[in-house]
Amino acid sequence: MNVPTDYLVILSAILFAIGVLGVLTRRNAIVMFMSVELMLNAANLALIAFARERGEIVGHIFVFFIIGVAAAEVAVGLALIVAIFKTKRSIDIDQVRGLRG
Amino acid sequence: MTTDMWIFLGLALVAVWAAVCMLISRSAVYSALFLVLNFLTIAVVFLLLQAAFIALVQVTVYAGAIMVLFLFVIMLLGAERVETTPSLPWQAPVAVAITTVLFGLMVLALLTGQAGAAPGVEVAAGFGSPQAVGELLFSDFLLPFEVTSILLLAAMIGAIVLTRRERSREAS
Amino acid sequence: MMLVVTGVGSLIHIYAASYMHDDVRFNGDTGRYTRFFVFFNLFIASMLILVMGDSYLTLFVGWEGVGLCSYLLIGFWYEKGRDGIGNAWAGKKAFVTNRIGDAGFLIGLFLIFWTFGTLNFHEVFHQAEEAGPQLAAIATAITICLLIGATGKSAQIPLYVWLPDAMAGPTPVSALIHAATMVTAGIYMIVRSNALFSLAPLTSDVVTWVGAGTALFAATIAVAQFDIKKVLAYSTISQLGFMVTAAGLGAYGAAIFHLVTHAFFKALLFLGAGSVILGIEHAHHHASDHGHEKAFDPQDMRNMGGLSRRMPITHLVFVIGALGLAGVPPLAGFVSKDEILADAARISPAIEVVLLMAAVLTAFYTGRQLIMVFYGKARSEAAAHAPENRIGITGPLLVLAGLTLTGGLLNLPGGLPFEQRLTEWLTHSIEHLHAAEAEWVVALLATTLTLISLGAAWLLYGRRPLAEGAEDPLKRLLGPVFRLLENKWWIDELYDRLFLQPYIHFSRFLAQRVDWDWWHDWFHDRLLAGSYNRFSDWLAVSFDLPVIDGAANGLGRATQAWAVGLRRLQSGYVRTYALAVLLGAVLMLTYILLR
Amino acid sequence: MTPEDFLAILPITALTVWACVLLLIEAFLPPRGKPAVPWLTALGLLVALAVVVLVPPPSEAAFGGMIRVDGFGRFLEALFLLAGLLAVPLAVDYNQRRGIARGEYYLLLLFSIVGMMLMAIAADLLLVFLALELLSIPLYVLAAFAWPRAESEESGMKYFLLGAFASAFFVYGTALVYGTTGTTNLYAVLEALVVPDVDMAVLAVAGAMLLVGLGFKVAAVPFHMWTPDVYDGAPSSAVAFMAVGAKAAGFAVLLRLLLTGFPLATEVWGPMLAIVSALTMIWGNVAAIAQTSIKRMLAYSSIAHAGYLLMAVSAGATMAAPGSASAALFYLLAYGVTTIGAWSVVVALERFDGTGTTIDSYAGLGRRRPWIALAMTVFMLSLIGVPPTLGFLGKFLVFGATVDAGLIALAVIGVLTSLVSAFYYLRVVVTMYMRGGEPETSRERWLTAVIALTALATFLLGLLPGPLLELAAQAGLSGVIP
Amino acid sequence: MDSSFPILSLLTFLPLAGVVILALLPRDRTGLMRWTALLTSLAVFVVSLAVLVRFDPEVPGLQMTERISWFRLAGLDVEYFLGIDGLSILLVLLTTLLMALAIVSTWSAITERVREFMIFFLLLEIGMIGVFLAQDLFLFYVFWEFTLVPMYFLIGMWGGERRIYAAVKFFLYTMAGSILMLLAILWLGIEGGSFSLPDLITAGQIPAEIQFWLFLAFAAAFAIKVPMWPLHSWLPDAHVEAPTAGSVILAGVLLKMGTYGFLRFNIPLFPAASLQLAPWIAGLGVVGILYGAVVSYPQRDVKKLVAYSSVSHLGFVMLGLFALNAQGIQGGVLQMVNHGLSTGALFLIVGMIYERRHTRELEAFGGLWKIMPIYAALTLVVALSSMGLPGLNGFVGEFTILLGSFGSEALGSPWFAGAAVLGVILAAIYILYMFQKMFLGPVTHDENLSLKDLHWREIVTLIPLIILIFWIGLFPAPFFNLMEASVGRLVETVQVAALAAH
């Protein structure tokens with residue numbers, strides 16, 4: 001595919017921004033978390049684009065690792081969410097504010 | 001306007017649309033599904049960018065395993081929709097505003113720089129193929145690879161710790 | 001001078017030995033008998049330091065030392081006096097007033113030091129000689145400062161007010177310190193520094209006028225006093241005025257001479273008064289043993305009268321002293337005062353007139369006192385039975401009486417046997433000292449006037465003996481003026497309004513309002529706090545925390561308040577925290593890109 | 001891949017292997033044998049520490065320049081291992097008390113330490129990212145370790161979500177760096193710059209995003225807001241460790257990033273970090289004043305100290321002076337020792353149900369446990385920066401570096417805020433000595449040992465810091481590319 | 001003792017021995033604790049006397065110096081550098097003496113937590129002696145800050161009812177000043193390449209405008225400590241709340257650290273700035289003299305009265321120091337000692353009556369002379385000395401100071417002294433007022449009738465002070481001799497700077 005890298009990067013930026021918005025606006029812990037995944041994915045997109053531009057696959061390696069990390073995060077994150085749900089019977093993050101001040 | 005361009009725009013539209021839907025749909029399940037859609041679209045983009053292996057990983061691991069896990073948890077907890085009582089009314093607009101600024105700045109930075117020349121070098125046939133990636137992975141990037149494995153191990157332990165109930169009972 | 005201090009000093013000691021013995025007996029707390037003599041000898045010591053010191057520094061040391069002793073001795077009966085604290089107040093008044101003078105004195109010393117590089121008499125005077133007139137300006141400054149010191153110590157206008165109150169001290173004290181010795185320190189100092197004064201004609205004039213003014217002024221007040229010791233006190237002030245005048249006129253010899261004679265007869269008078277008081281007290285106590293107790297002031301002349309029969313010796317010596325004071329020839333007082341008048345006549349007639357008036361008044365009030373105390377009929381129970389005192393009291397009186405009679409011989413004017421003895425002594429230490437020539441005219445004039453006014457006194461008081469509680473005939477004569485004089489021209493009240501009260505209020509204001517309420521509480525605790533508090537109230541609306549312990553000082557509390565505001569931002573919403581993160585990122589980007 | 005490469009990371013390898021072994025042991029150990037786990041962990045750490053100190057790396061750069069085992073890195077490695085060594089005995093009794101005595105605790109601790117050590121020596125952004133995750137993920141779990149207690153879960157949750165959020169920024173930044181320079185190796189970035197067509201604007205954006213990730217880890221304003229909540233909810237034993245480890249790791253990378261002359265360091269990062277550090281010092285110190293819970297108070301104080309460290313960093317960035325690097329390193333050490341000490345006192349006073357963490361509950365400690373109170377006083381004074389303590393020396397060095405770099409205004413803010421800090425630290429002392437009360441404290445011997453050790457170190461090393469300073473100085477020098 | 005013996009270190013750290021012993025004593029042996037503390041402080045005093053014996057007044061520079069490299073810091077050599085000279089020896093002696101007396105005074109006053117009290121007290125002594133001996137800026141700062149801590153505890157744990165407020169205020173205020181000094185020290189170290197004071201002085205050559213700022217930074221620390229008007233707001237609190245012994249040391253020694261700092265650092269390090277600012281500092285000093293004197297007068301609490309009088313006295317010291325001529329500085333140094341003696345004694349005296357009546361309100365007393373003659377007599381002497389009566393120490397100091405400042409070129413006008421002289425009058429007013437309120441007049445309160453006169457221990461605490469009061473008052477020469485050489489050199493440095501300025 002023959003597209004200027006900048007376009008791809010801009011697309012990734014858009015996705016990144018949406019991800020950010022998701023974290024900021026959604027109250028469902030899971031959805032927030034999904035938004036984080038979206039942000040990571042945006043990063044992946046950018047990396048692949050750059051890799052393509054430079055014609056070296058180092059970028060691909062990065063993406064591979066990032067996906068791995070994402071998997072790890074998901075494991076822990078979902079575990080946390082489940083645990084919290086068990087105690088609070090809710091994953092509305094706005095309910096989780098016993099600690100403040 | 002080349003065909004590539006058209007394809008790209010199409011995919012981009014789909015991806016963004018999916019992302020936005022994920023963002024706005026009230027139900028967590030829909031969000032998850034839209035995210036899967038988004039990932040798949042991106043995977044296609046990867047493919048078109050000669051990143052076959054990664055595209056594959058994206059589909060199987062990301063869109064497949066991870067998102068399924070998400071869905072599974074959502075179902076398990078039966079927590080599709082949580083936004084019942086309104087709280088932090090001012091948060092959303094402010095967030096939108098600031099995020100827009102962020103996006104604007106990023107684009108600004110991109111454009112002030114010299115416009116990225118269209119996909120630079122022509123690449124060999126094997127570019128992005130599993131074996132190419134694999135070789136690099138086990139030569140130059142051995143250390144990160146090991147680290148990732150440890151990372152996953154740690155995450156696993158963590159997940160176990162956090163979810164095994166009875167041990168904590170007996171302990172406390 | 002030394003002779004005076006030691007001589008008179010020892011006499012008074014003998015007197016005091018028995019006087020105080022009774023005094024403490026009457027006032028209880030016999031333990032103070034010893035304390036009295038401790039202070040007393042301390043005084044003698046510091047007085048000697050003052051006199052014998054060969055530099056201004058030592059002089060100043062003695063100067064302050066005597067001041068201290070006078071403070072302690074005035075306040076000797078510190079629980080007596082007006083509402084229990086009066087004497088203590090008097091002592092403090094004396095000390096502080098002196099301090100004011102001393103401050104001037106100190107500055108004078110600094111000036112001397114930085115001009116001559118030394119404080120030693122001989123060197124200073126020597127250099128002063130060398131330098132001569134081109135030092136006039138600085139010399140004037142120095143001498144003015146010294147004068148201020150002198151007015152403090154020697155009770156001249158405007159700092160004389162402490163002396164009358166100082167009479168709160170036991171009588172021997174009044175006699176020695178506040179008549180014979182300490183108060184003359186000022187004159188001594190001026191005479192000492194004659195070298196400097198002679199360089200500063202301006203100051204000399206000032207000195208003269210201060211002296212003359214004081215002489216007259218005090219005399220007028222003395223006329224209308226009833227307290228036997230107060231009268232003497234004011235007369236002392238007035239006599240000191242004479243001496244100062246003399247010093248100002250450059251008649252140093254005369255000044256010292258009068259100083260000496262005055263020491264004799266004034267000590268005599270005081271001690272006489274003392275013995276009178278003692279007698280009255282004796283009688284009073286005796287009487288009050290038989291019941292009828294009433295408020296009674298043993299020093300008020302209106303309670304006396306007719307004592308000449310009861311206390312012959314005292315009567316005798318008192319008369320001598322009085323005549324000496326009045327300046328009736330051939331007593332010592334006459335000779336010395338005459339010398340001053342003579343100099344005055346020669347140098348400035350104006351001064352002489354003033355002095356003559358003062359002399360006249362002196363004679364008058366002396367006569368008045370004499371008559372009110374000793375003649376007429378007893379105006380009180382106590383006066384009627386007042387006994388004569390022991391030899392311990394009367395002995396010294398007699399000696400002093402003798403001195404008063406003969407003291408004049410020390411320095412007879414030119415043209416008479418043993419002329420100018422004193423002057424010869426003095427010439428060693430004092431330059432340009434001229435021998436006083438006898439001025440017969442002046443002498444005659446003075447004498448006649450004196451006699452006349454004595455007569456006037458007799459007319460007023462002696463002819464028809466005063467009845468008990470009768471008002472003073474002079475009052476009938478002068479009316480309001482008398483009240484003016486009786487209240488000492490309201491100078492004390494004036495000072496009180498002018499300086500004392502304002503200072504008290506000012507200091508209260510400064511300490512309470514400014515330093516504590518404003519600076520300590522308001523500025524440190526409230527302003528620094530308050531500004532923050534307002535800020536934080538705005539930050540932390542509807543957000544109350546357990547307020548942290550009062551260990552906070554203002555600043556602390558303030559910052560806490562602010563911190564409370566920050567806590568409010570820590571709302572517990574994850575999303576808000578994330579927003580903060582994003583905000584940070586955006587701000588960074590903005591800074592970097594739009595820098 | 002040569003043996004040398006693995007020799008270079010021998011401590012890490014050893015620790016990792018040991019962790020895996022422990023995992024098995026822990027799994028198959030009979031219940032009564034469980035108490036052995038912490039000591040085995042400590043043993044592993046000890047060995048690793050010995051290796052760090054004794055076995056010099058064959059070469060600084062290894063794995064194709066992906067890591068750089070220089071003095072800088074080894075200093076920090078040692079620091080992390082020490083922190084771990086102190087954190088283990090700290091937890092033993094406490095976890096029993098809180099009913100969270102699980103072997104995994106120590107495993108996670110080990111993995112986190114491995115991550116930190118990697119941070120210390122990583123020279124490639126990719127590796128930095130992985131290490132960052134490796135140190136964070138166990139910490140998320142440790143924070144939530146006291147589940148099902150709500151506050152612990154909450155703290156874990158918050159830490160996790162925000163952490164993931166921040167690291168997403170970091171990743172994106174990495175991506176952009178790669179995009180503009182074609183490499184992610186810190187030391188190669190410089191060379192890449194000679195190529196004309198490097199898009200500096202994008203690179204700047206990248207840098208900012210990296211800073212977001214790191215700023216989050218070191219709890220710099222405005223990325224700090226997770227800190228109080230997380231420290232408050234998490235088990236104190238874990239906090240003691242993360243307050244030191246995570247921060248130090250973050251600064252390790254930050255220092256490398258900026259002192260190795262990351263592009264635009266001097267003209268951009270320096271001033272910007274100066275602002276950030278000023279904000280951090282002010283916010284941290286002021287907010288700490290209003291706290292009634294000692295855990296939150298210490299949390300804010302750790303934010304404030306991040307500010308002081310940032311001072312050194314910004315000074316270094318303004319004019320790449322080795323002095324600032326070593327100053328920062330020494331400050332990290334001082335802060336680490338003192339903070340662990342302070343938290344161990346908190347551990348000593350916290351009760352089984354998590355209460356006993358209000359400052360008021362320290363009333364009367366001076367009578368009840370004079371030595372503990374004395375130790376706490378030493379820690380507080382050191383955190384204020386009163387001589388002769390480590391804290392004072394640290395501040396002295398940092399201020400020195402700042403003044404040296406000519407950032408007088410920043411230094412003035414620093415001293416003024418540390419004055420403010422005196423206020424809330426002293427309040428603890430006041431409460432301990434000048435108020436009456438009956439605090440109940442655990443008399444566990446290892447815990448006491450830790451407290452005593454750290455207190456002594458804080459005081460004595462403050463008196464005779466010579467060798468330490470030398471170490472820090474050399475380490476600082478080696479970290480910098482002139 | 002050969003000259004290489006590190007006697008100064010011994011002097012400084014000897015109290016540590018006492019601290020250790022105290023820490024080891026069994027909990028209930030309070031009597032033993034008191035004795036340990038007392039003996040330790042006496043031992044320290046003896047050592048300080050030994051120092052005095054070895055001290056050679058002819059030498060202007062430092063003596064018995066001990067100088068070893070402590071550690072290197074940011075490329076600078078931080079040294080453990082002790083030394084003593086004419087400027088400090090008197091203060092060291094004063095410190096050691098007052099410590100011993102203060103400890104005696106706590107005998108019956110302190111019954112709570114004796115061990116801690118004594119430990120803090122001895123630690124404080126280490127800090128203070130260190131401050132006076134340290135010749136390395138870093139070392140100095142360490143000691144300087146270190147003194148805060150024990151004093152903070154002394155006030156906070158054994159003080160009056162608002163003790164915590166006072167303690168925190170004390171700590172924050174003094175620290176506020178000293179951290180600015182810290183920055184200045186850093187600057188000096190970095191620019192001057194050394195922390196050693198003598199080296200920095202000999203190096204000299206700091207540009208005038210920079211001197212100006214550094215001077216201010218140092219002055220911030222010292223002025224608050226002194227305290228110079230208008231930074232005195234912490235003093236009354238600290239004094240009123242502190243326990244007697246604390247007040248004694250606070251007034252007797254800690255405040256001197258401020259004036260000493262000016263003398264030791266500001267003047268020699270920044271002579272140009274000193275000359276430039278001398279009128280201002282001296283002016284503040286004069287304001288302090290008058291202000292303190294005026295404000296003391298209406299105080300109802302004796303301790304407060306004495307506290308404010310300190311402001312006045314130290315105003316004199318500042319005036320003397322910044323006359324920048326021999327008389328002024330010598331007077332200033334002597335006046336530091338005098339103030340230490342007389343005010344220290346005054347606080348002891350207040351403490352004695354407070355122990356008996358548990359109040360310090362002037363109104364509660366009156367006529368005590370009759371009941372406690374010895375007490376009254378001793379008080380009288382002390383009061384007079386603090387009033388500056390000739391023949392007692394106060395006069396010598398004030399006279400020399402005024403003499404110096406009157407003719408000082410640095411101040412350029414006699415009016416400073418002229419105004420300060422008024423302070424002498426005002427001093428008489430408030431001191432006599434206090435004396436009168438307490439001892440003169442009739443006995444107004446019956447509870448006073450039963451008061452016991454001084455216990456022999458209390459007399460013992462006062463006698464040494466009174467002896468010194470008389471000694472300095474009557475024969476100050478030996479004291480001046482001790483400092484003459486050093487002061488002379490200090491004045492030279494200033495004059496050199498003055499010449500350079502023109």
# chains A, B, ... in the order shown; residues from 1 in each chain; ligands from 1
>>> residues_around(residues="Leu42 in chain E", least_positions_apart="3", cutoff="8 Å", atoms="only C-alpha atoms", output="ChimeraX atom specification")
/E:38-39,45-46,96-97,100
>>> write_last_selection(atoms="C-alpha atoms", output="compact mmCIF listing (two decimals), in the first residue's frame")
# COMPACT_ATOMS: atom_id res chain seq x y z
CA LEU E 38 26.07 18.15 86.34
CA LEU E 39 29.44 16.45 86.56
CA PHE E 45 33.78 23.67 82.04
CA VAL E 46 37.12 22.51 83.38
CA THR E 96 30.22 26.03 79.51
CA LEU E 97 29.64 28.03 82.68
CA ALA E 100 26.62 23.94 84.54
>>> closest_atom_pairs(of="chain E", to="chain D", cutoff="7 Å", atoms="only C-alpha atoms", output="Markdown table")
| residue | atom | partner | partner_atom | distance |
| --- | --- | --- | --- | --- |
| E:Phe71 | CA | D:Gly466 | CA | 4.5 |
| E:Arg72 | CA | D:Gly466 | CA | 6.4 |
| E:Leu73 | CA | D:Leu469 | CA | 6.6 |
| E:Ala74 | CA | D:Gly323 | CA | 6.0 |
| E:Val142 | CA | D:Pro387 | CA | 5.1 |
| E:Glu145 | CA | D:Pro387 | CA | 6.2 |
| E:Phe146 | CA | D:Pro387 | CA | 6.0 |
| E:Gly156 | CA | D:Met434 | CA | 6.6 |
| E:Met157 | CA | D:Met434 | CA | 5.6 |
| E:Leu172 | CA | D:Leu419 | CA | 6.9 |
| E:Met175 | CA | D:Leu419 | CA | 6.9 |
| E:Ala176 | CA | D:Leu419 | CA | 6.3 |
| E:Ile179 | CA | D:Val415 | CA | 6.0 |
| E:Leu186 | CA | D:Gly400 | CA | 5.7 |
| E:Trp187 | CA | D:Val403 | CA | 6.7 |
| E:Ile190 | CA | D:Asp404 | CA | 6.9 |
>>> closest_atom_pairs(of="chain C", to="chain B", cutoff="7 Å", atoms="only C-alpha atoms", output="JSON lines")
{"residue": "C:Leu579", "atom": "CA", "partner": "B:Ala95", "partner_atom": "CA", "distance": 6.7}
{"residue": "C:Leu583", "atom": "CA", "partner": "B:Ile98", "partner_atom": "CA", "distance": 6.9}
{"residue": "C:Val586", "atom": "CA", "partner": "B:Leu102", "partner_atom": "CA", "distance": 5.6}
>>> write_last_selection(atoms="C-alpha atoms", output="mmCIF file, in the first residue's frame")
data_model
loop_
_atom_site.group_PDB
_atom_site.id
_atom_site.type_symbol
_atom_site.label_atom_id
_atom_site.label_comp_id
_atom_site.auth_asym_id
_atom_site.auth_seq_id
_atom_site.Cartn_x
_atom_site.Cartn_y
_atom_site.Cartn_z
ATOM 1 C CA LEU C 579 -7.554 14.031 33.355
ATOM 2 C CA LEU C 583 -3.626 17.988 31.226
ATOM 3 C CA VAL C 586 -0.985 18.819 26.969
#
>>> interface_residues(of="chain D", to="chain A", cutoff="6 Å", atoms="only C-alpha atoms", output="ChimeraX atom specification")
/D:165,168,172,175,179,229
>>> interface_residues(of="chain C", to="chain E", cutoff="6 Å", atoms="only C-alpha atoms", output="JSON, numbers by chain")
{"C": [61, 78, 79, 84, 85, 99, 103, 110, 507, 508, 511, 520, 551]}
>>> write_last_selection(atoms="C-alpha atoms", output="PDB file, in the first residue's frame")
ATOM      1  CA  VAL C  61      31.509  55.810  88.178  1.00  0.00           C
ATOM      2  CA  TYR C  78      10.105  51.259 100.743  1.00  0.00           C
ATOM      3  CA  GLU C  79       6.775  50.175 102.140  1.00  0.00           C
ATOM      4  CA  GLY C  84       2.554  52.224 100.520  1.00  0.00           C
ATOM      5  CA  ILE C  85       4.735  52.754  97.518  1.00  0.00           C
ATOM      6  CA  ARG C  99      19.734  59.187  84.587  1.00  0.00           C
ATOM      7  CA  ALA C 103      22.678  60.557  79.513  1.00  0.00           C
ATOM      8  CA  PHE C 110      32.049  60.689  74.289  1.00  0.00           C
ATOM      9  CA  SER C 507       4.709  52.168  76.044  1.00  0.00           C
ATOM     10  CA  ARG C 508       1.449  50.426  76.885  1.00  0.00           C
ATOM     11  CA  ALA C 511       3.636  46.798  73.891  1.00  0.00           C
ATOM     12  CA  HIS C 520       2.694  39.270  67.024  1.00  0.00           C
ATOM     13  CA  ALA C 551       0.544  23.531  67.232  1.00  0.00           C
TER      14      ALA C 551
END
>>> residues_around(residues="Ala132 in chain B", least_positions_apart="3", cutoff="12 Å", atoms="only C-alpha atoms", output="list in words")
Glu56, Ile57, Val58, His60 and Ile61 of chain A; Ala51, Ala52, Phe53, Ile54, Ala124, Ala125, Gly126, Phe127, Gly128, Ser129, Glu135, Leu136, Leu137, Phe138 and Ser139 of chain B
>>> closest_residue(among="D:Leu374, D:Val92, D:Val286, D:Met432", to="Thr417 in chain D", atoms="only C-alpha atoms")
D:Val286
>>> residues_around(residues="range 42-48 of chain B", least_positions_apart="5", cutoff="7 Å", atoms="only C-alpha atoms", output="list in words")
Met1 and Ile48 of chain A; Ala15, Ala55, Gln58 and Val59 of chain B
>>> select_by_dssp(residues="range 227-388 of chain C", states="alpha helix (DSSP H)", output="PyMOL selection string")
chain C and resi 228-249+252-289+307-310+312-326+332-347+349-374+381-385
>>> residues_around(residues="range 459-468 of chain E", least_positions_apart="6", cutoff="7 Å", atoms="only C-alpha atoms", output="list in words")
Leu101, Val104, Ser105, Leu341 and Ala345 of chain E
>>> write_last_selection(atoms="N, CA, C and O atoms", output="CSV table (one decimal), in the first residue's frame")
chain,number,residue,atom,x,y,z
E,101,LEU,N,25.5,25.9,85.5
E,101,LEU,CA,24.6,26.5,86.4
E,101,LEU,C,23.2,26.2,86.0
E,101,LEU,O,22.4,25.9,86.9
E,104,VAL,N,22.2,22.9,87.4
E,104,VAL,CA,21.9,23.0,88.8
E,104,VAL,C,20.5,23.6,89.1
E,104,VAL,O,19.8,23.1,89.9
E,105,SER,N,20.2,24.5,88.3
E,105,SER,CA,18.9,25.2,88.5
E,105,SER,C,17.7,24.2,88.2
E,105,SER,O,16.6,24.5,88.7
E,341,LEU,N,25.5,36.8,81.1
E,341,LEU,CA,25.6,36.7,82.6
E,341,LEU,C,24.3,37.3,83.2
E,341,LEU,O,23.6,36.6,83.9
E,345,ALA,N,21.2,35.2,84.6
E,345,ALA,CA,21.0,35.3,86.0
E,345,ALA,C,19.5,35.7,86.3
E,345,ALA,O,18.8,35.1,87.1
>>> atom_distance(atom1="CA of Thr261 in chain C", atom2="CA of Ile190 in chain C")
18.2 Å
>>> closest_atom_pairs(of="chain D", to="chain C", cutoff="6 Å", atoms="only C-alpha atoms", output="tab-separated table")
residue	atom	partner	partner_atom	distance
D:Pro222	CA	C:Gly584	CA	5.7
D:Phe223	CA	C:Val581	CA	4.9
D:Met225	CA	C:Tyr577	CA	5.7
D:Val286	CA	C:Ala563	CA	5.2
D:Ala287	CA	C:Ala563	CA	4.3
D:Ile289	CA	C:Gln560	CA	5.4
D:Ala290	CA	C:Gln560	CA	5.2
>>> residues_around(residues="Ala123 in chain D", least_positions_apart="4", cutoff="6 Å", atoms="only C-alpha atoms", output="PyMOL selection string")
chain D and resi 66-68+185-186
>>> interface_residues(of="chain D", to="chain B", cutoff="6 Å", atoms="only C-alpha atoms", output="PyMOL selection string")
chain D and resi 99+127+134+141+199+201-202
